[in-house]
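*Asks:* Below is the structure I would like to discuss, written out as structure tokens.
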Amino acid sequence: MSAQSLSYAEAMEDFDPVFGIEVHVELNTKTKMFCGCANEFGAEPNTQVCPVCLGLPGSMPVTNEKAVESAIRLGLALGCSIRESSRFARKNYFYPDLAKDYQISQYDEPTCYEGSLDVVLDDGTVVEIGIERAHMEEDAGKNTHVGGSGGIQGADYSLVDYNRGGVPLVEIVTKPIEGMGERTAEVARAYVATIRDIVRGLGISDGRMDQGSVRADVNLSLRPKAPAGEDQSAVPFGKRSETKNVNSLRAIEKAIHFEAGRQAALLSDGRPVVQETRHWHEDTESTTPGRSKEEAEDYRYFPEPDLLPVEPSREWVEELRGTIPEHPAKMRARLKDEWGFSDLEMRDVVAADAIGLLVATVEAGAKPQAARKWWMGELARVANEQETTLDALAVTPADIAELQSLVDSGRINDKLARQALAGVLAGEGSPTAVVETRGLEVVSDDSALEAAVDEALAAQPDVLAKIQDGKVQAAGAIVGAVMKATRGQADAGRVREIILQRAGVEG
Amino acid sequence: MSSLERSDVARLAALARIDMTDDDLDRLSGQLSAIVDAVAKVAEVAGTDVPATSHPIPMSNVHRPDEVRPSLPQERALAAAPEADEGRFRVPQILGEEA
Amino acid sequence: MTDWTRRTAAEMAAALKAGEVTSVELTQAHLDRIAAVDGPIHAFLHLDPEGALATARKVDEDRAAGVELPALAGVPIAVKDVLVTEGLPTTAGSKILEGWIPPYDSTVSANLKAARMPILGKTNMDEFAMGSSTEHSGYGPTHNPWDLDRIPGGSGGGSAAALASFEAPLAIGSDTGGSIRQPASVTGTVGVKPTYGGVSRFGAIALASSLDQLGPCGRTVLDTALLHEVMGGHDPKDATSLDEPVPACVEAAMQGATKDLTGVKVGVIKELSGEGYQAGVEQRFEEALERLKAMGAEIVEVSCPSFEFALAAYYLILPSEASSNLAKFDSVRFGLRVEKETVEKTMLATRAAGFGDEVKRRIILGTYALSAGYYDAYYGSAQKVRTLIQRDFAAAFESADVLVSPTTPTTPFKLGERLDDPLAMYLNDVATIPANLAGIPGMSLPSGIAPEDGLPVGFQILAPAHEDARLYRVGAALEASLTEEWGGALTAQAPELEVAE
Ligand SMILES: [Mg+2]
Ligand SMILES: [Zn+2]
């Protein structure tokens, strides 16, 4: 009897994983890679198409210079060399979503090659990932399968929308990554997260994995662990699987867990791992094989004759190098110092994907701790409740800075601030506008507070006596009554002062 | 040099997505073998020191500004489609190459 | 009564300007001529009388209103069906595109429209321009007006036959390995393949992208020059388009017509003669050299040893690029569909039914040349041969301003004669192919009639890249010298065609 799949931990006991990742980044250029159609997500089908991206006879591609610039900047951020003369190639295969039945990509002469990227794990460990290449290519259109189960198998027919066809991509390919052992899944996840942070930092992609603008294919193979004291790198690589379209950070970890377990079970049982493409299923957190091919696909690459070499001048490359933001991990370390956050506080901010929001909130004038408190507290609660992400909430960093300044100036207290925030989130306007329209300001008029205190003391004479007896903490009951009477709009500190004054004891 | 066997032609025809009858394969493997024999001599002339010419007139860096140009209206994009449905090109079922 | 169809395009343009004829009259005269003679010739796949006459009418109105018009405004033209024309059927001679009405215009058709030239229709061609005889058209062959049993050349046999039968004064061609020059040669007309990139390829249905070039076809050198200037120029939609002014072809043709070639060095390519070249072809070629010499040119011999491998390199590069360019004919977005139960089977059946034998042959050959394990030996080596051929040309142009040869080794052969022997068919292009591999411009113009068969012989002139104007100067000089003797263009000597009622 053999298990179909072992656990990740079991797999790691006997095997050493080797993995590689291909990340496709959709660039956020205004237009497509080779034509002037808009590059926008979510339009009506086949409304962002032209003779070029529909592959009509006679049409010809012309490269988008902004896409070239973005690819070079990304390559530089990944520590790549930029080839003096690179070129496009055709990758030939028939598929209905590929309008020309070849993809314009780069093959033997990619624009960016030989880089390396430091990836920082949660515990601060730094892992260097070798980058083999980063090349430009075009995306394919989108097939929708109709009838049957709605999946491709058993569908009655399919419908093709070419709006995404020709959208510019940069494909980043790592070198084989070995020696990570049980941290393999964590490293893979952290690598893709770093790529996502980098493309966002560069401003070349929105980096939204949920919309497919960052997509990962994960290659994994196992080889037996070398006996103690022997060199692991002397053990040859095993056969690998390539799991396509793993499109969330969590799924990357899960896919590696599953594939390691599956392959380990096969190998432990003396059965071979087949080199193949596999598909990731989010619902079952498992992979299944793609259609088995009698032989490896022969893409018949050759230099794209309709396009000319890309030969960026050294000056331009250096100019672009000057625009590369610092590495996300280095930036995090710097911000942690600047903001005076604890390790735990910083880790939470990173985990919540809130660094950019905090930076913007601090830039808008809030103190770092106040910014953190809002985003990681009340707003995190709201996002969780609405099942969305922080950056998708209907509030801007500037709103939060404004809200905090209202608190700092004493116009509102924390409780009122939360009400004001609710108004902002409900679309009632800026924090100041909400405070005004909802009438949320703290009552700072002493005569009104004095009247309310007198009323409360009169209603609870026993409490007054206690206070006068020296039991000052009893004043809390009166404070509560006054706050209630003023619907929370009193400054609790001032109310307390007045109570003590009236009781004839000084605080 | 190499002649093209019937099985080679069958494999190439599948790769090029052209159905071929047995007669087609017989005829083509004969004709193509003759052509291949005649053209194979290119491998003999050009040594490794000779660079390949991909473009007859050398040029580089011909790029387009990132400016939106009008797309075709949907009905014009679909006008020549053998079959269309719901604003999309309709094709018979695709056997699973993806999930 | 004047038969306007017998005039040159330059004469038509002058007569239009002078008010001696209207564009509607000219256009109608050509439509009538097509109706009268095109049945047995089959130069056209599609006619657009309404569109052509509408353009003509508007030109006439504007001219009457004193509007400034381009040089060839109102002169009708025939367009090879390789060119995408918005709203007009475009098939590239293939059944797989039967009935396709493109939603856009090629840059050259847009240029013709801007030049206000009525488009008579689309001319026949070998399917996807693969061929040298127009017998590989999916819609039946075109016949040579000089002898209806003979081929009109290819792939642009329709355009050349339309000129030789006076169905159109000007036509568009495309030349991947000689498809403008070889048809010109065998029909006694003039055709020019410009420098690669000189005319936009945007909207020309691609055969082999690194070899294809659109060009002008006419009955005289000057007419061809006039059309060249309309077609050419930089196009941002074609990345390989040259960003430089159109060569001064008309001016060069006028200069050449003065018959002074003093100081011009003409190189005779040694390798393009001898075995395989018909006696009458060589005879007319030698006579043409004498004429050039008489006009002051210096004749030198040049050698291009790598030409021996040009045909082989060409028949690897072309099929390779074509196999990829023709992949898009997959039944999904346009064109023929032979519906089967799966999309893959539909593609297989559609391409089997829609492509002709020659297209299939070349797609398979190209698929082979690019496939894993063969790329270096075939496509890669062929691209190196290309470098050697460029070096040969560079060396030859060190000692000559232009190079010359017969355009084709023989006069037109009989329809069907070489259909079953692709290799023999390919030999037609031996003299024209090197120019495509190197990207340089070339012209074919008539040098007379072969005594042994009474059929036209073509004279090829080649110039360095960007120096298209030299073709027109030398070509116009030779033409002037010859027509002086002939008393008019060679096409005037073609036999009268039977006129349908
Ligand atoms: Mg790719
Ligand atoms: Zn487009």
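Identifiers in this document derive from the order of the structure tokens: chains are assigned A, B, ..., residues are numbered from 1 separately in each chain, and ligands are numbered from 1 in order of occurrence.
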Do you know which residues are at most 9 Å from B:Gln31 counting only C-alpha atoms, after dropping those on the same chain fewer than 5 positions away, and could you put them as number ranges by chain?
*Replies:* B: 26, 36; C: 361, 421-423
*Asks:* Go ahead and dump the residues you just picked, N, CA, C and O atoms, as a CSV table (one decimal), in the first residue's frame.
*Replies:*
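What ended up in again-v1.csv:
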```csv
chain,number,residue,atom,x,y,z
B,26,ASP,N,2.4,10.6,-49.3
B,26,ASP,CA,3.3,9.9,-50.3
B,26,ASP,C,3.9,10.9,-51.3
B,26,ASP,O,5.1,11.0,-51.5
B,36,VAL,N,14.6,19.3,-50.2
B,36,VAL,CA,15.5,19.4,-49.1
B,36,VAL,C,16.9,19.0,-49.5
B,36,VAL,O,17.9,19.7,-49.1
C,361,ARG,N,3.1,22.6,-49.4
C,361,ARG,CA,4.5,22.1,-49.6
C,361,ARG,C,5.4,23.1,-48.9
C,361,ARG,O,6.3,22.7,-48.1
C,421,ASP,N,6.9,19.9,-61.2
C,421,ASP,CA,8.3,19.9,-60.9
C,421,ASP,C,8.6,21.2,-60.2
C,421,ASP,O,9.1,22.1,-60.8
C,422,PRO,N,8.4,21.2,-58.8
C,422,PRO,CA,8.6,22.4,-58.1
C,422,PRO,C,10.0,23.0,-58.3
C,422,PRO,O,10.2,24.2,-58.4
C,423,LEU,N,11.0,22.1,-58.3
C,423,LEU,CA,12.4,22.6,-58.4
C,423,LEU,C,12.6,23.3,-59.7
C,423,LEU,O,13.3,24.4,-59.7
```
*Asks:* Can you tell me which residues come within 7 Å of ligand 2 when counting only C-alpha atoms and all ligand atoms, ideally as a PyMOL selection string?
*Replies:* (chain A and resi 32+35-37+48-54) or (chain B and resi 71)
*Asks:* For the residues in the current selection, export N, CA, C and O atoms as a compact mmCIF listing (two decimals), in the first residue's frame.
*Replies:*
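Written out: selection13.txt:
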```
# COMPACT_ATOMS: atom_id res chain seq x y z
N LYS A 32 -1.22 48.43 -25.66
CA LYS A 32 -0.70 47.07 -25.73
C LYS A 32 0.77 47.05 -26.18
O LYS A 32 1.35 48.08 -26.50
N CYS A 35 0.49 47.32 -30.42
CA CYS A 35 -0.52 48.13 -31.13
C CYS A 35 -1.04 49.18 -30.18
O CYS A 35 -0.76 49.16 -28.98
N GLY A 36 -1.85 50.09 -30.72
CA GLY A 36 -2.31 51.23 -29.92
C GLY A 36 -3.61 50.98 -29.17
O GLY A 36 -4.20 51.92 -28.63
N CYS A 37 -4.09 49.74 -29.12
CA CYS A 37 -5.30 49.45 -28.36
C CYS A 37 -5.05 49.69 -26.87
O CYS A 37 -3.96 49.44 -26.38
N GLN A 48 -11.35 46.18 -27.39
CA GLN A 48 -10.01 46.75 -27.38
C GLN A 48 -9.15 45.91 -28.30
O GLN A 48 -8.16 45.30 -27.89
N VAL A 49 -9.56 45.86 -29.53
CA VAL A 49 -8.86 45.04 -30.54
C VAL A 49 -8.75 45.82 -31.84
O VAL A 49 -9.55 46.71 -32.12
N CYS A 50 -7.74 45.47 -32.63
CA CYS A 50 -7.51 46.11 -33.91
C CYS A 50 -6.91 45.05 -34.84
O CYS A 50 -6.65 43.93 -34.41
N PRO A 51 -6.66 45.39 -36.11
CA PRO A 51 -6.09 44.38 -37.01
C PRO A 51 -4.82 43.73 -36.46
O PRO A 51 -4.58 42.55 -36.68
N VAL A 52 -4.01 44.50 -35.72
CA VAL A 52 -2.74 43.95 -35.23
C VAL A 52 -2.98 42.89 -34.15
O VAL A 52 -2.50 41.76 -34.26
N CYS A 53 -3.76 43.23 -33.11
CA CYS A 53 -3.90 42.27 -32.01
C CYS A 53 -4.96 41.22 -32.31
O CYS A 53 -5.08 40.25 -31.56
N LEU A 54 -5.70 41.39 -33.42
CA LEU A 54 -6.58 40.31 -33.88
C LEU A 54 -5.83 39.41 -34.86
O LEU A 54 -6.38 38.43 -35.34
N SER B 71 -9.61 51.57 -31.35
CA SER B 71 -9.77 50.15 -31.66
C SER B 71 -10.92 50.01 -32.64
O SER B 71 -11.63 50.97 -32.93
```
*Asks:* Show me, as an MDAnalysis selection string, the residues of chain B whose atoms get within 7 Å of chain C, using only C-alpha atoms for the distance check.
*Replies:* chainID B and resid 12:13 16:20 28 32 35 38:40 42:43 46 50:57 62 76 80:82 89 91:95
*Asks:* Using only C-alpha atoms, what table do you get, as CSV, when you list each residue of chain A with an atom no more than 10 Å from chain C, its nearest pair of atoms, and their distance in Å rounded to one decimal, rows by chain then rising number?
*Replies:*
```
residue,atom,partner,partner_atom,distance
A:Phe34,CA,C:Lys237,CA,9.9
A:Cys35,CA,C:Lys237,CA,8.9
A:Cys50,CA,C:Tyr104,CA,9.1
A:Pro51,CA,C:Tyr104,CA,7.4
A:Val52,CA,C:Lys237,CA,9.9
A:Leu54,CA,C:Arg333,CA,7.6
A:Gly55,CA,C:Lys328,CA,6.7
A:Leu56,CA,C:Lys328,CA,7.7
A:Pro57,CA,C:Ile205,CA,5.3
A:Gly58,CA,C:Gly203,CA,3.9
A:Ser59,CA,C:Gly203,CA,5.3
A:Met60,CA,C:Phe202,CA,5.9
A:Pro61,CA,C:Asp238,CA,7.3
A:Val62,CA,C:Ala239,CA,5.7
A:Thr63,CA,C:Ala239,CA,8.1
A:Arg90,CA,C:Ser324,CA,8.2
A:Lys91,CA,C:Ser324,CA,9.1
A:Asn92,CA,C:Ser324,CA,6.8
A:Tyr93,CA,C:Ala327,CA,8.4
A:Phe94,CA,C:Ala327,CA,7.5
A:Tyr95,CA,C:Glu344,CA,8.3
A:Pro96,CA,C:Val332,CA,6.7
A:Asp97,CA,C:Val332,CA,9.1
A:Leu98,CA,C:Lys328,CA,8.8
A:Ala99,CA,C:Lys328,CA,6.7
A:Lys100,CA,C:Lys328,CA,4.5
A:Asp101,CA,C:Lys328,CA,5.4
A:Tyr102,CA,C:Ser324,CA,7.2
A:Asp156,CA,C:Glu341,CA,9.3
A:Tyr157,CA,C:Thr342,CA,8.4
A:Ser158,CA,C:Val343,CA,9.1
A:Val160,CA,C:Val332,CA,8.8
A:Glu297,CA,C:Ala372,CA,9.7
A:Asp298,CA,C:Ala372,CA,6.4
A:Tyr299,CA,C:Ser371,CA,7.5
A:Arg300,CA,C:Ser371,CA,5.0
A:Tyr301,CA,C:Leu370,CA,7.1
A:Phe302,CA,C:Leu370,CA,7.3
A:Pro303,CA,C:Glu321,CA,9.6
A:Glu304,CA,C:Ser209,CA,8.9
A:Pro305,CA,C:Ser210,CA,5.5
A:Asp306,CA,C:Ser209,CA,6.3
A:Leu307,CA,C:Ala239,CA,6.0
A:Leu308,CA,C:Thr240,CA,7.1
```
*Asks:* Write the residues you've just listed into a file as a PDB file, in the first residue's frame, and include C-alpha atoms for each of them.
*Replies:*
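Result written to again.pdb:
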```
ATOM      1  CA  PHE A  34       2.553  46.009 -30.311  1.00  0.00           C
ATOM      2  CA  CYS A  35      -0.518  48.127 -31.127  1.00  0.00           C
ATOM      3  CA  CYS A  50      -7.508  46.113 -33.914  1.00  0.00           C
ATOM      4  CA  PRO A  51      -6.094  44.377 -37.006  1.00  0.00           C
ATOM      5  CA  VAL A  52      -2.739  43.946 -35.230  1.00  0.00           C
ATOM      6  CA  LEU A  54      -6.578  40.314 -33.881  1.00  0.00           C
ATOM      7  CA  GLY A  55      -3.825  38.953 -36.115  1.00  0.00           C
ATOM      8  CA  LEU A  56      -5.629  40.015 -39.284  1.00  0.00           C
ATOM      9  CA  PRO A  57      -3.780  39.303 -42.538  1.00  0.00           C
ATOM     10  CA  GLY A  58      -1.362  42.089 -43.431  1.00  0.00           C
ATOM     11  CA  SER A  59      -1.132  43.656 -39.994  1.00  0.00           C
ATOM     12  CA  MET A  60       2.242  44.335 -38.412  1.00  0.00           C
ATOM     13  CA  PRO A  61       3.482  44.879 -34.849  1.00  0.00           C
ATOM     14  CA  VAL A  62       5.326  47.970 -33.629  1.00  0.00           C
ATOM     15  CA  THR A  63       6.909  47.855 -30.174  1.00  0.00           C
ATOM     16  CA  ARG A  90       8.286  34.124 -32.610  1.00  0.00           C
ATOM     17  CA  LYS A  91       7.107  31.199 -30.532  1.00  0.00           C
ATOM     18  CA  ASN A  92       4.916  29.168 -32.861  1.00  0.00           C
ATOM     19  CA  TYR A  93       1.955  27.157 -31.614  1.00  0.00           C
ATOM     20  CA  PHE A  94      -1.699  26.926 -32.490  1.00  0.00           C
ATOM     21  CA  TYR A  95      -4.255  27.950 -29.909  1.00  0.00           C
ATOM     22  CA  PRO A  96      -7.495  29.855 -30.430  1.00  0.00           C
ATOM     23  CA  ASP A  97      -6.649  32.590 -27.926  1.00  0.00           C
ATOM     24  CA  LEU A  98      -3.340  33.296 -29.688  1.00  0.00           C
ATOM     25  CA  ALA A  99      -4.469  35.523 -32.554  1.00  0.00           C
ATOM     26  CA  LYS A 100      -1.510  35.055 -34.895  1.00  0.00           C
ATOM     27  CA  ASP A 101      -0.923  31.475 -33.761  1.00  0.00           C
ATOM     28  CA  TYR A 102       2.504  32.604 -32.686  1.00  0.00           C
ATOM     29  CA  ASP A 156     -19.850  22.351 -25.863  1.00  0.00           C
ATOM     30  CA  TYR A 157     -17.912  25.225 -27.358  1.00  0.00           C
ATOM     31  CA  SER A 158     -15.677  28.108 -26.386  1.00  0.00           C
ATOM     32  CA  VAL A 160     -12.716  33.971 -27.419  1.00  0.00           C
ATOM     33  CA  GLU A 297       5.989  20.918 -28.005  1.00  0.00           C
ATOM     34  CA  ASP A 298       8.232  22.189 -30.803  1.00  0.00           C
ATOM     35  CA  TYR A 299       7.848  25.958 -30.811  1.00  0.00           C
ATOM     36  CA  ARG A 300      10.070  26.588 -33.812  1.00  0.00           C
ATOM     37  CA  TYR A 301      11.455  29.846 -32.433  1.00  0.00           C
ATOM     38  CA  PHE A 302      13.032  32.206 -34.932  1.00  0.00           C
ATOM     39  CA  PRO A 303      13.859  35.930 -34.887  1.00  0.00           C
ATOM     40  CA  GLU A 304      10.702  38.019 -35.451  1.00  0.00           C
ATOM     41  CA  PRO A 305      11.283  39.478 -38.924  1.00  0.00           C
ATOM     42  CA  ASP A 306       8.716  42.253 -38.477  1.00  0.00           C
ATOM     43  CA  LEU A 307      10.592  43.796 -35.546  1.00  0.00           C
ATOM     44  CA  LEU A 308      14.076  45.195 -35.174  1.00  0.00           C
TER      45      LEU A 308
END
```
*Asks:* Give me, as a list in words, the residues of stretch 148-291 of chain C that a backbone DSSP run labels strand (DSSP E).
*Replies:*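 Output for stretch 148-291 of chain C, strand (DSSP E) only: Leu170, Ala171, Ile172, Gly173, Ser174, Val190, Gly191, Val192, Lys193, Leu214, Gly215, Pro216, Cys217, Gly218, Lys265, Val266, Gly267, Val268 and Ile269 of chain C.
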*Asks:* Can you spit out the residues from that selection as a compact mmCIF listing (two decimals), in the first residue's frame, using all heavy atoms?
*Replies:*
```txt
# COMPACT_ATOMS: atom_id res chain seq x y z
N LEU C 170 -1.48 51.13 -64.79
CA LEU C 170 -0.56 50.97 -63.67
C LEU C 170 -1.08 49.86 -62.78
O LEU C 170 -2.29 49.59 -62.76
CB LEU C 170 -0.49 52.27 -62.83
CG LEU C 170 0.17 53.48 -63.48
CD1 LEU C 170 -0.10 54.72 -62.63
CD2 LEU C 170 1.68 53.27 -63.65
N ALA C 171 -0.18 49.23 -62.05
CA ALA C 171 -0.61 48.17 -61.13
C ALA C 171 0.36 48.07 -59.97
O ALA C 171 1.52 48.50 -60.07
CB ALA C 171 -0.70 46.83 -61.85
N ILE C 172 -0.15 47.48 -58.89
CA ILE C 172 0.69 47.24 -57.72
C ILE C 172 1.15 45.79 -57.75
O ILE C 172 0.39 44.89 -58.09
CB ILE C 172 -0.12 47.45 -56.42
CG1 ILE C 172 -0.69 48.86 -56.34
CG2 ILE C 172 0.74 47.13 -55.18
CD1 ILE C 172 0.32 49.95 -56.20
N GLY C 173 2.40 45.58 -57.37
CA GLY C 173 2.91 44.22 -57.25
C GLY C 173 3.58 44.02 -55.90
O GLY C 173 3.74 44.98 -55.12
N SER C 174 3.93 42.80 -55.62
CA SER C 174 4.76 42.51 -54.45
C SER C 174 5.82 41.51 -54.88
O SER C 174 5.57 40.65 -55.71
CB SER C 174 3.92 41.94 -53.30
OG SER C 174 3.47 40.63 -53.60
N VAL C 190 7.15 46.79 -67.25
CA VAL C 190 8.19 47.28 -66.34
C VAL C 190 7.74 47.02 -64.90
O VAL C 190 6.57 47.24 -64.57
CB VAL C 190 8.41 48.80 -66.54
CG1 VAL C 190 9.52 49.31 -65.61
CG2 VAL C 190 8.74 49.10 -68.00
N GLY C 191 8.66 46.57 -64.07
CA GLY C 191 8.32 46.38 -62.66
C GLY C 191 9.52 46.67 -61.78
O GLY C 191 10.65 46.37 -62.17
N VAL C 192 9.27 47.26 -60.64
CA VAL C 192 10.36 47.62 -59.73
C VAL C 192 10.12 47.07 -58.33
O VAL C 192 9.03 47.23 -57.77
CB VAL C 192 10.54 49.15 -59.67
CG1 VAL C 192 11.49 49.54 -58.53
CG2 VAL C 192 11.07 49.67 -61.00
N LYS C 193 11.12 46.41 -57.81
CA LYS C 193 11.14 46.05 -56.39
C LYS C 193 11.99 47.12 -55.70
O LYS C 193 13.19 47.19 -55.94
CB LYS C 193 11.79 44.69 -56.15
CG LYS C 193 11.85 44.33 -54.67
CD LYS C 193 12.90 43.27 -54.35
CE LYS C 193 14.14 43.88 -53.72
NZ LYS C 193 13.97 44.42 -52.37
N LEU C 214 6.64 45.62 -51.56
CA LEU C 214 5.66 46.05 -52.56
C LEU C 214 6.34 46.98 -53.54
O LEU C 214 7.31 47.66 -53.18
CB LEU C 214 4.51 46.79 -51.87
CG LEU C 214 3.67 45.96 -50.89
CD1 LEU C 214 2.80 46.88 -50.07
CD2 LEU C 214 2.83 44.95 -51.64
N GLY C 215 5.81 47.01 -54.77
CA GLY C 215 6.43 47.91 -55.74
C GLY C 215 5.51 48.23 -56.89
O GLY C 215 4.44 47.63 -57.04
N PRO C 216 5.94 49.19 -57.72
CA PRO C 216 5.12 49.66 -58.83
C PRO C 216 5.32 48.84 -60.11
O PRO C 216 6.41 48.37 -60.39
CB PRO C 216 5.65 51.08 -59.04
CG PRO C 216 7.10 51.00 -58.66
CD PRO C 216 7.19 49.96 -57.57
N CYS C 217 4.24 48.70 -60.87
CA CYS C 217 4.29 48.04 -62.17
C CYS C 217 3.67 48.97 -63.21
O CYS C 217 2.63 49.59 -62.94
CB CYS C 217 3.48 46.73 -62.15
SG CYS C 217 3.91 45.62 -60.81
N GLY C 218 4.29 49.05 -64.38
CA GLY C 218 3.75 49.91 -65.44
C GLY C 218 4.22 49.44 -66.79
O GLY C 218 4.88 48.40 -66.91
N LYS C 265 28.85 53.36 -64.35
CA LYS C 265 29.50 52.05 -64.47
C LYS C 265 28.45 50.96 -64.31
O LYS C 265 27.75 50.91 -63.29
CB LYS C 265 30.56 51.89 -63.39
CG LYS C 265 31.87 52.57 -63.72
CD LYS C 265 32.91 52.06 -62.73
CE LYS C 265 34.19 52.88 -62.80
NZ LYS C 265 35.03 52.59 -61.63
N VAL C 266 28.35 50.10 -65.31
CA VAL C 266 27.37 49.03 -65.30
C VAL C 266 28.09 47.69 -65.14
O VAL C 266 28.94 47.33 -65.95
CB VAL C 266 26.56 49.03 -66.62
CG1 VAL C 266 25.61 47.83 -66.67
CG2 VAL C 266 25.79 50.35 -66.77
N GLY C 267 27.77 46.97 -64.05
CA GLY C 267 28.43 45.69 -63.79
C GLY C 267 27.58 44.53 -64.28
O GLY C 267 26.40 44.44 -63.96
N VAL C 268 28.18 43.66 -65.07
CA VAL C 268 27.48 42.48 -65.55
C VAL C 268 27.80 41.32 -64.61
O VAL C 268 28.97 40.99 -64.40
CB VAL C 268 27.91 42.13 -66.99
CG1 VAL C 268 27.21 40.86 -67.48
CG2 VAL C 268 27.61 43.30 -67.93
N ILE C 269 26.77 40.74 -64.04
CA ILE C 269 26.99 39.67 -63.05
C ILE C 269 27.28 38.36 -63.79
O ILE C 269 26.42 37.79 -64.45
CB ILE C 269 25.77 39.51 -62.14
CG1 ILE C 269 25.46 40.83 -61.42
CG2 ILE C 269 26.02 38.40 -61.10
CD1 ILE C 269 24.14 40.86 -60.69
```
*Asks:* To check your reading of the model: which residues sit at most 7 Å from ligand 1 when counting only C-alpha atoms and all ligand atoms? Write the answer as a ChimeraX atom specification.
*Replies:* /A:105,137,171
*Asks:* Go ahead and dump the residues you just picked, all heavy atoms, as a compact mmCIF listing (two decimals), in the first residue's frame.
*Replies:*
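result34.txt was written with the following content:
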```txt
# COMPACT_ATOMS: atom_id res chain seq x y z
N SER A 105 7.73 36.89 -28.47
CA SER A 105 8.39 36.81 -27.17
C SER A 105 9.87 37.09 -27.39
O SER A 105 10.25 37.63 -28.43
CB SER A 105 8.16 35.40 -26.62
OG SER A 105 8.73 35.24 -25.35
N GLU A 137 7.18 39.98 -23.68
CA GLU A 137 6.35 39.20 -24.58
C GLU A 137 4.93 39.74 -24.53
O GLU A 137 4.64 40.69 -23.80
CB GLU A 137 6.40 37.71 -24.24
CG GLU A 137 5.92 37.36 -22.85
CD GLU A 137 6.07 35.86 -22.56
OE1 GLU A 137 6.93 35.19 -23.16
OE2 GLU A 137 5.32 35.37 -21.72
N GLU A 171 8.29 38.43 -18.51
CA GLU A 171 8.40 37.12 -17.86
C GLU A 171 9.75 37.03 -17.17
O GLU A 171 10.79 37.22 -17.80
CB GLU A 171 8.25 35.99 -18.89
CG GLU A 171 8.40 34.62 -18.26
CD GLU A 171 8.21 33.45 -19.24
OE1 GLU A 171 7.58 33.67 -20.30
OE2 GLU A 171 8.70 32.37 -18.95
```
*Asks:* List every residue of stretch 168-226 of chain C that DSSP, applied to the backbone of this structure, places in helix (DSSP H, G or I), and write the result as a list in words.
*Replies:*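 Listing helix (DSSP H, G or I) positions across stretch 168-226 of chain C yields Arg181, Gln182, Pro183, Ala184, Ser185, Val186, Thr187, Val221, Leu222, Asp223, Thr224, Ala225 and Leu226 of chain C.
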*Asks:* Could I get the residues of chain B with an atom no further than 9 Å from an atom of chain A, each paired with its nearest atom pair and that distance in Å to one decimal, using only C-alpha atoms, sorted by chain and residue number, as a tab-separated table?
*Replies:*
```
residue	atom	partner	partner_atom	distance
B:Leu15	CA	A:Asp298	CA	8.0
B:Ala16	CA	A:Phe94	CA	8.3
B:Arg17	CA	A:Phe94	CA	7.9
B:Ser54	CA	A:Pro305	CA	6.8
B:His55	CA	A:Pro305	CA	6.8
B:Pro58	CA	A:Leu308	CA	8.3
B:Met59	CA	A:Leu308	CA	6.4
B:Ser60	CA	A:Pro309	CA	4.9
B:Asn61	CA	A:Val310	CA	5.0
B:Val62	CA	A:Leu308	CA	6.7
B:His63	CA	A:Thr63	CA	5.0
B:Arg64	CA	A:Asn64	CA	4.9
B:Pro65	CA	A:Glu65	CA	5.8
B:Asp66	CA	A:Asn64	CA	5.8
B:Glu67	CA	A:Gly36	CA	6.3
B:Val68	CA	A:Gly36	CA	4.8
B:Arg69	CA	A:Gly36	CA	4.6
B:Pro70	CA	A:Cys37	CA	6.6
B:Ser71	CA	A:Cys50	CA	5.1
B:Leu72	CA	A:Cys50	CA	5.3
B:Pro73	CA	A:Thr47	CA	5.9
B:Gln74	CA	A:Thr47	CA	5.0
B:Glu75	CA	A:Asn46	CA	8.8
B:Ala77	CA	A:Asn46	CA	7.0
B:Leu78	CA	A:Asn46	CA	8.0
B:Ala84	CA	A:Leu159	CA	7.8
B:Asp85	CA	A:Leu159	CA	7.2
B:Glu86	CA	A:Leu159	CA	8.2
B:Gly87	CA	A:Pro45	CA	5.8
B:Arg88	CA	A:Val160	CA	5.2
B:Phe89	CA	A:Val160	CA	4.9
B:Arg90	CA	A:Leu159	CA	4.5
B:Val91	CA	A:Ser158	CA	5.4
B:Pro92	CA	A:Tyr157	CA	4.6
B:Gln93	CA	A:Tyr157	CA	4.1
B:Ile94	CA	A:Ile152	CA	6.7
B:Leu95	CA	A:Gln153	CA	6.5
B:Gly96	CA	A:Ile152	CA	5.8
B:Glu97	CA	A:Arg291	CA	5.5
B:Glu98	CA	A:Gly290	CA	6.3
B:Ala99	CA	A:His279	CA	6.2
```
